[in-house]
Amino acid sequence: MKTKAREIMVTNFELISEHAPVELAIYKILHGKVRKTGHKTISLLVVNNYKQMVGVVSMFDILYHLRPDFLNYGIEGDEIMWQGQIEDLINRLEAKSIHEVMSSHVMGASPDDHIIVLLDRMVKHKYRRLPIVENNTPVGIVYISDIYYHLFHK
């Protein structure tokens with residue numbers, strides 16, 4: 001059985017620059033790759049000019065930042081309030097840079113970490129994916145669905 005991150009990690013993954021427009025991330029996620037487990041990519045690893053990982057941008061991050069800021073303060077909006085607003089919200093979001101919407105406090109793992117170490121980290125922190133990094137450069141991703149597949153697929 002494959003037991004190390006390097007043996008199960010996905011190495012064909014999408015990167016995006018922290019300076020790229022959110023519009024590009026939306027496109028890449030919409031047209032994401034389907035892995036052999038049947039799951040589609042819903043996040044991108046964010047890199048700086050030196051190809052070092054600085055964060056992750058996910059479908060959740062994008063949708064979170066689509067909402068107006070005042071909703072983060074517990075203010076509710078009714079249905080009538082949103083009529084004719086969605087297109088303007090999307091246009092404003094698409095014009096932002098990735099660094100404005102990405103998650104920057106990202107936990108990663110080493111290619112030599114054992115599958116149970118990865119699983120434990122993901123379960124404890126409720127992560128669905130872990131970037132695999134060497135010298136702060138992304139070399140792969142391990143998804144929770146891939147761990148499940150490798151543990152139970154016979």
# chains A, B, ... in the order shown; residues from 1 in each chain; ligands from 1
call {"tool": "select_by_dssp", "arguments": {"residues": "range 26-117 of chain A", "states": "alpha helix (DSSP H)", "output": "ChimeraX atom specification"}}
result
/A:26-30,59-66,79-82,86-94,98-101,115-117
call {"tool": "residues_around", "arguments": {"residues": "range 22-25 of chain A", "least_positions_apart": "5", "cutoff": "8 Å", "atoms": "only C-alpha atoms", "output": "JSON, numbers by chain"}}
result
{"A": [16, 44, 57, 62, 93, 94, 95, 96, 97, 98, 101]}
call {"tool": "residues_around", "arguments": {"residues": "Ile116 in chain A", "least_positions_apart": "6", "cutoff": "10 Å", "atoms": "only C-alpha atoms", "output": "VMD selection string"}}
result
chain A and resid 3 to 5 122 147
call {"tool": "write_last_selection", "arguments": {"atoms": "C-alpha atoms", "output": "PDB file, in the first residue's frame"}}
result
ATOM      1  CA  THR A   3       2.003   5.250   2.440  1.00  0.00           C
ATOM      2  CA  LYS A   4       3.839   8.519   1.730  1.00  0.00           C
ATOM      3  CA  ALA A   5       2.470  11.790   0.389  1.00  0.00           C
ATOM      4  CA  MET A 122      -6.785  17.039   7.578  1.00  0.00           C
ATOM      5  CA  ILE A 147      -6.589   9.300   0.842  1.00  0.00           C
TER       6      ILE A 147
END
call {"tool": "residues_around", "arguments": {"residues": "Arg35 in chain A", "least_positions_apart": "6", "cutoff": "12 Å", "atoms": "only C-alpha atoms", "output": "NGL selection string"}}
result
:A and (9-13 or 41-42 or 141-143 or 145-146 or 149)
call {"tool": "residues_around", "arguments": {"residues": "Leu66 in chain A", "least_positions_apart": "3", "cutoff": "9 Å", "atoms": "only C-alpha atoms", "output": "PDB file with N, CA and C atoms, in the first residue's frame"}}
result
ATOM      1  N   ASP A  61     -13.639  30.698  -1.200  1.00  0.00           N
ATOM      2  CA  ASP A  61     -13.057  32.040  -1.071  1.00  0.00           C
ATOM      3  C   ASP A  61     -13.698  33.012  -2.054  1.00  0.00           C
ATOM      4  N   ILE A  62     -13.868  32.563  -3.279  1.00  0.00           N
ATOM      5  CA  ILE A  62     -14.448  33.418  -4.319  1.00  0.00           C
ATOM      6  C   ILE A  62     -15.893  33.779  -3.978  1.00  0.00           C
ATOM      7  N   LEU A  63     -16.683  32.788  -3.587  1.00  0.00           N
ATOM      8  CA  LEU A  63     -18.077  33.058  -3.246  1.00  0.00           C
ATOM      9  C   LEU A  63     -18.193  33.918  -1.986  1.00  0.00           C
ATOM     10  N   ASP A  69     -19.428  43.334   1.976  1.00  0.00           N
ATOM     11  CA  ASP A  69     -18.779  43.274   3.279  1.00  0.00           C
ATOM     12  C   ASP A  69     -19.756  43.398   4.451  1.00  0.00           C
ATOM     13  N   ILE A  86     -26.566  41.369  -8.646  1.00  0.00           N
ATOM     14  CA  ILE A  86     -25.618  40.269  -8.784  1.00  0.00           C
ATOM     15  C   ILE A  86     -24.562  40.554  -9.844  1.00  0.00           C
ATOM     16  N   LEU A  89     -21.997  42.886  -8.459  1.00  0.00           N
ATOM     17  CA  LEU A  89     -21.149  42.198  -7.478  1.00  0.00           C
ATOM     18  C   LEU A  89     -20.109  41.323  -8.178  1.00  0.00           C
ATOM     19  N   ILE A  90     -20.521  40.627  -9.218  1.00  0.00           N
ATOM     20  CA  ILE A  90     -19.597  39.762  -9.974  1.00  0.00           C
ATOM     21  C   ILE A  90     -18.524  40.606 -10.662  1.00  0.00           C
ATOM     22  N   ARG A  92     -17.351  43.542  -9.811  1.00  0.00           N
ATOM     23  CA  ARG A  92     -16.408  44.053  -8.806  1.00  0.00           C
ATOM     24  C   ARG A  92     -15.465  42.961  -8.327  1.00  0.00           C
ATOM     25  N   LEU A  93     -15.991  41.764  -8.137  1.00  0.00           N
ATOM     26  CA  LEU A  93     -15.166  40.642  -7.687  1.00  0.00           C
ATOM     27  C   LEU A  93     -14.128  40.274  -8.745  1.00  0.00           C
TER      28      LEU A  93
END
call {"tool": "decode", "arguments": {"residues": "range 37-141 of chain A", "atoms": "C-alpha atoms", "output": "PDB file, in the first residue's frame"}}
result
ATOM      1  CA  THR A  37     -11.281   9.553  -8.399  1.00  0.00           C
ATOM      2  CA  GLY A  38     -13.916  11.504 -10.358  1.00  0.00           C
ATOM      3  CA  HIS A  39     -13.555  14.666  -8.268  1.00  0.00           C
ATOM      4  CA  LYS A  40     -13.072  18.045  -9.907  1.00  0.00           C
ATOM      5  CA  THR A  41     -10.567  20.698  -8.842  1.00  0.00           C
ATOM      6  CA  ILE A  42     -12.218  23.451  -6.803  1.00  0.00           C
ATOM      7  CA  SER A  43      -9.116  25.308  -5.630  1.00  0.00           C
ATOM      8  CA  LEU A  44      -5.850  26.682  -6.970  1.00  0.00           C
ATOM      9  CA  LEU A  45      -2.467  27.017  -5.295  1.00  0.00           C
ATOM     10  CA  VAL A  46      -1.369  30.650  -5.248  1.00  0.00           C
ATOM     11  CA  VAL A  47       2.290  31.448  -5.910  1.00  0.00           C
ATOM     12  CA  ASN A  48       4.438  34.570  -5.883  1.00  0.00           C
ATOM     13  CA  ASN A  49       6.863  35.669  -8.607  1.00  0.00           C
ATOM     14  CA  TYR A  50       9.396  33.069  -7.394  1.00  0.00           C
ATOM     15  CA  LYS A  51       6.857  30.181  -7.685  1.00  0.00           C
ATOM     16  CA  GLN A  52       6.725  29.897  -3.883  1.00  0.00           C
ATOM     17  CA  MET A  53       3.354  29.076  -2.358  1.00  0.00           C
ATOM     18  CA  VAL A  54       1.691  32.030  -0.646  1.00  0.00           C
ATOM     19  CA  GLY A  55      -1.869  30.735  -0.339  1.00  0.00           C
ATOM     20  CA  VAL A  56      -4.841  28.939  -1.796  1.00  0.00           C
ATOM     21  CA  VAL A  57      -7.886  30.333  -3.556  1.00  0.00           C
ATOM     22  CA  SER A  58     -10.944  28.123  -3.535  1.00  0.00           C
ATOM     23  CA  MET A  59     -14.480  28.225  -4.808  1.00  0.00           C
ATOM     24  CA  PHE A  60     -15.497  29.084  -1.224  1.00  0.00           C
ATOM     25  CA  ASP A  61     -13.057  32.040  -1.071  1.00  0.00           C
ATOM     26  CA  ILE A  62     -14.448  33.418  -4.319  1.00  0.00           C
ATOM     27  CA  LEU A  63     -18.077  33.058  -3.246  1.00  0.00           C
ATOM     28  CA  TYR A  64     -17.311  34.511   0.192  1.00  0.00           C
ATOM     29  CA  HIS A  65     -15.834  37.652  -1.396  1.00  0.00           C
ATOM     30  CA  LEU A  66     -18.730  37.983  -3.840  1.00  0.00           C
ATOM     31  CA  ARG A  67     -20.937  38.980  -0.907  1.00  0.00           C
ATOM     32  CA  PRO A  68     -20.963  42.637   0.201  1.00  0.00           C
ATOM     33  CA  ASP A  69     -18.779  43.274   3.279  1.00  0.00           C
ATOM     34  CA  PHE A  70     -21.710  44.401   5.444  1.00  0.00           C
ATOM     35  CA  LEU A  71     -23.046  40.824   5.467  1.00  0.00           C
ATOM     36  CA  ASN A  72     -19.976  39.863   7.535  1.00  0.00           C
ATOM     37  CA  TYR A  73     -21.349  41.957  10.404  1.00  0.00           C
ATOM     38  CA  GLY A  74     -24.578  40.030  10.868  1.00  0.00           C
ATOM     39  CA  ILE A  75     -26.725  42.350   8.783  1.00  0.00           C
ATOM     40  CA  GLU A  76     -29.337  40.447   6.832  1.00  0.00           C
ATOM     41  CA  GLY A  77     -30.469  41.373   3.342  1.00  0.00           C
ATOM     42  CA  ASP A  78     -33.844  40.513   1.905  1.00  0.00           C
ATOM     43  CA  GLU A  79     -34.542  39.188  -1.586  1.00  0.00           C
ATOM     44  CA  ILE A  80     -35.712  42.518  -3.010  1.00  0.00           C
ATOM     45  CA  MET A  81     -32.442  44.127  -1.960  1.00  0.00           C
ATOM     46  CA  TRP A  82     -30.485  41.866  -4.338  1.00  0.00           C
ATOM     47  CA  GLN A  83     -32.546  42.366  -7.486  1.00  0.00           C
ATOM     48  CA  GLY A  84     -30.272  43.751 -10.214  1.00  0.00           C
ATOM     49  CA  GLN A  85     -27.228  43.606  -7.918  1.00  0.00           C
ATOM     50  CA  ILE A  86     -25.618  40.269  -8.784  1.00  0.00           C
ATOM     51  CA  GLU A  87     -24.006  41.344 -12.045  1.00  0.00           C
ATOM     52  CA  ASP A  88     -22.432  44.386 -10.341  1.00  0.00           C
ATOM     53  CA  LEU A  89     -21.149  42.198  -7.478  1.00  0.00           C
ATOM     54  CA  ILE A  90     -19.597  39.762  -9.974  1.00  0.00           C
ATOM     55  CA  ASN A  91     -17.948  42.574 -11.959  1.00  0.00           C
ATOM     56  CA  ARG A  92     -16.408  44.053  -8.806  1.00  0.00           C
ATOM     57  CA  LEU A  93     -15.166  40.642  -7.687  1.00  0.00           C
ATOM     58  CA  GLU A  94     -13.639  39.765 -11.070  1.00  0.00           C
ATOM     59  CA  ALA A  95     -11.622  43.007 -11.013  1.00  0.00           C
ATOM     60  CA  LYS A  96      -9.948  42.143  -7.688  1.00  0.00           C
ATOM     61  CA  SER A  97      -6.540  40.456  -7.480  1.00  0.00           C
ATOM     62  CA  ILE A  98      -6.094  36.954  -6.131  1.00  0.00           C
ATOM     63  CA  HIS A  99      -4.147  38.236  -3.112  1.00  0.00           C
ATOM     64  CA  GLU A 100      -7.302  40.119  -2.035  1.00  0.00           C
ATOM     65  CA  VAL A 101      -9.456  36.983  -1.793  1.00  0.00           C
ATOM     66  CA  MET A 102      -7.082  34.052  -1.180  1.00  0.00           C
ATOM     67  CA  SER A 103      -6.586  32.179   2.073  1.00  0.00           C
ATOM     68  CA  SER A 104      -3.025  32.939   3.107  1.00  0.00           C
ATOM     69  CA  HIS A 105      -2.717  30.893   6.313  1.00  0.00           C
ATOM     70  CA  VAL A 106      -2.356  27.528   4.614  1.00  0.00           C
ATOM     71  CA  MET A 107      -0.981  24.403   6.214  1.00  0.00           C
ATOM     72  CA  GLY A 108       1.028  22.099   3.996  1.00  0.00           C
ATOM     73  CA  ALA A 109       2.878  18.828   4.261  1.00  0.00           C
ATOM     74  CA  SER A 110       6.124  17.244   3.138  1.00  0.00           C
ATOM     75  CA  PRO A 111       6.384  14.675   0.336  1.00  0.00           C
ATOM     76  CA  ASP A 112       7.767  12.218   2.900  1.00  0.00           C
ATOM     77  CA  ASP A 113       4.914  12.588   5.398  1.00  0.00           C
ATOM     78  CA  HIS A 114       3.047   9.329   6.074  1.00  0.00           C
ATOM     79  CA  ILE A 115      -0.557   9.012   4.851  1.00  0.00           C
ATOM     80  CA  ILE A 116      -1.838   8.789   8.455  1.00  0.00           C
ATOM     81  CA  VAL A 117      -0.012  12.028   9.346  1.00  0.00           C
ATOM     82  CA  LEU A 118      -1.759  13.693   6.399  1.00  0.00           C
ATOM     83  CA  LEU A 119      -5.111  12.204   7.378  1.00  0.00           C
ATOM     84  CA  ASP A 120      -4.722  13.313  10.999  1.00  0.00           C
ATOM     85  CA  ARG A 121      -3.846  16.870   9.980  1.00  0.00           C
ATOM     86  CA  MET A 122      -6.785  17.039   7.578  1.00  0.00           C
ATOM     87  CA  VAL A 123      -9.302  15.602  10.037  1.00  0.00           C
ATOM     88  CA  LYS A 124      -8.179  17.796  12.947  1.00  0.00           C
ATOM     89  CA  HIS A 125      -8.360  20.982  10.887  1.00  0.00           C
ATOM     90  CA  LYS A 126     -11.286  19.941   8.630  1.00  0.00           C
ATOM     91  CA  TYR A 127      -9.184  20.389   5.483  1.00  0.00           C
ATOM     92  CA  ARG A 128     -10.197  18.782   2.210  1.00  0.00           C
ATOM     93  CA  ARG A 129      -6.769  19.203   0.646  1.00  0.00           C
ATOM     94  CA  LEU A 130      -3.172  19.631   1.719  1.00  0.00           C
ATOM     95  CA  PRO A 131      -0.552  21.230  -0.508  1.00  0.00           C
ATOM     96  CA  ILE A 132       2.671  19.229  -0.606  1.00  0.00           C
ATOM     97  CA  VAL A 133       5.654  21.563  -0.551  1.00  0.00           C
ATOM     98  CA  GLU A 134       9.431  21.351  -0.772  1.00  0.00           C
ATOM     99  CA  ASN A 135      11.389  24.512   0.051  1.00  0.00           C
ATOM    100  CA  ASN A 136       8.078  26.417   0.027  1.00  0.00           C
ATOM    101  CA  THR A 137       7.502  25.372  -3.597  1.00  0.00           C
ATOM    102  CA  PRO A 138       4.354  23.350  -4.312  1.00  0.00           C
ATOM    103  CA  VAL A 139       5.111  19.909  -5.747  1.00  0.00           C
ATOM    104  CA  GLY A 140       1.700  18.281  -5.278  1.00  0.00           C
ATOM    105  CA  ILE A 141      -1.643  18.173  -3.498  1.00  0.00           C
TER     106      ILE A 141
END
